[in-house]
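This report refers to the structure that appears directly beneath it.
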Amino acid sequence: MKLKQSFCFTLLLVTCIQVSAADTTIVKSPDGAIAFKLYQQNAQLFFTVTHNGRAVINVSPLDMSVDGKSLTQKAVLGNPERATSKESYPVMGVHATATNHYNSAVMAIAANAMKGQLAIRVFNDGASFRFLVPNTTGAVVPTESTVFNLPANSDVWYHDMNMHYESVHQKKKIEELQQGEWMAPPATFKTPQG
């Protein structure tokens, strides 16, 4: 009887691990140093980004709504379509050639009677994601409120919205930022590990 119970417990454990793994998508850079991890927890989408195993972005919620309806709460994700891309093209400036080299995963996302796609790209020097939502209902009003939880003691260079991208940047520790403080793009961050 103990052997049968042990077998059933092991089978249940393996099944749970497979279900958990199915809810996680990891995309790595072509050189393998950067990893973007997407997963669901308590019906919410979350992500992390690491570089050589060290956190660049800690656990952070993805938060996207369209016309007041969440696309990231209780979302159903499709199987990721993975691809690799490498292209080079001439540019003016310090380097004569730019190279666009990344691994990607694109997956269907559905929630609240909406359908779209979530596209993740991971390069050797960064990671990105974007939501693709077709305009099938006329007016589409997106509300993107994704959080980026950076490691403690990170530096940030930014300016406020006062001069529309033309102000002088200031440097602060991430802990010095106040809730609701505006940052005009591009904000630049440096983690304690560099």
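To be explicit about the labels: the chains of the structure tokens are called A, B, and onward in the order shown, and within each one the residues are counted from 1, while ligands get numbers from 1 in the order they are shown.
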**Request:** Apply DSSP to the backbone of this structure and, from segment 12-152 of chain A, keep only the residues in helix (DSSP H, G or I); write these as JSON, numbers by chain.
**Result:** {"A": [12, 13, 14, 15, 16, 17, 18, 19, 20, 21, 22]}
Counting only C-alpha atoms, give me one row per residue of segment 104-126 of chain A with an atom at most 12 Å from an atom of segment 56-68 of chain A, showing the shortest contact pair and its distance in Å to one decimal, sorted by chain then residue number, as JSON lines.
{"residue": "A:Ile109", "atom": "CA", "partner": "A:Met64", "partner_atom": "CA", "distance": 11.3}
{"residue": "A:Ala110", "atom": "CA", "partner": "A:Ser65", "partner_atom": "CA", "distance": 11.6}
{"residue": "A:Ala111", "atom": "CA", "partner": "A:Ser65", "partner_atom": "CA", "distance": 9.9}
{"residue": "A:Asn112", "atom": "CA", "partner": "A:Val66", "partner_atom": "CA", "distance": 9.8}
{"residue": "A:Ala113", "atom": "CA", "partner": "A:Val66", "partner_atom": "CA", "distance": 10.9}
{"residue": "A:Met114", "atom": "CA", "partner": "A:Val66", "partner_atom": "CA", "distance": 8.5}
{"residue": "A:Lys115", "atom": "CA", "partner": "A:Val66", "partner_atom": "CA", "distance": 10.5}
{"residue": "A:Gly116", "atom": "CA", "partner": "A:Val66", "partner_atom": "CA", "distance": 10.6}
{"residue": "A:Gln117", "atom": "CA", "partner": "A:Met64", "partner_atom": "CA", "distance": 11.7}
{"residue": "A:Leu118", "atom": "CA", "partner": "A:Met64", "partner_atom": "CA", "distance": 10.6}
{"residue": "A:Asp125", "atom": "CA", "partner": "A:Val56", "partner_atom": "CA", "distance": 11.7}
{"residue": "A:Gly126", "atom": "CA", "partner": "A:Val56", "partner_atom": "CA", "distance": 9.9}
**Request:** Name the closest residue to His169 of chain A among the candidates A:Ser154, A:Ser88, A:Thr188, A:Gln41; distances are taken between atoms, counting only C-alpha atoms.
**Result:**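 The answer is A:Thr188, which sits nearest to His169 of chain A.
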**Request:** Kindly indicate which residue among A:Lys69, A:Lys37, A:Lys190, A:Lys86 lies nearest to His101 of chain A, using only C-alpha atoms for the distances.
**Result:**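 Of the candidates, the smallest distance to His101 of chain A is held by A:Lys86.
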**Prompt:** Nearest to Asp23 of chain A: which of A:Arg54, A:Thr48, A:Glu144, A:Leu77 is it, counting only C-alpha atoms?
**Reply:**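 Checking each candidate against Asp23 of chain A, we get A:Leu77 as the closest.
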**Asked** Restricting the calculation to only C-alpha atoms, which member of A:Ala35, A:Leu71, A:Met161, A:Ile120 is positioned closest to Val133 of chain A?
**Response**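 Between A:Ala35, A:Leu71, A:Met161, A:Ile120, the residue approaching Val133 of chain A most closely is A:Leu71.
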**Request:** Find the residue from A:Leu38, A:Asn124, A:Ala55, A:Pro134 that sits nearest to Pro192 of chain A; use only C-alpha atoms when measuring.
**Result:**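 Nearest to Pro192 of chain A: A:Ala55.
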**Item:** Length of the atom CA of Asn79 of chain A to atom CA of Asn42 of chain A vector [Å]
**Value:**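 These two atoms are separated by 19.7 Å.
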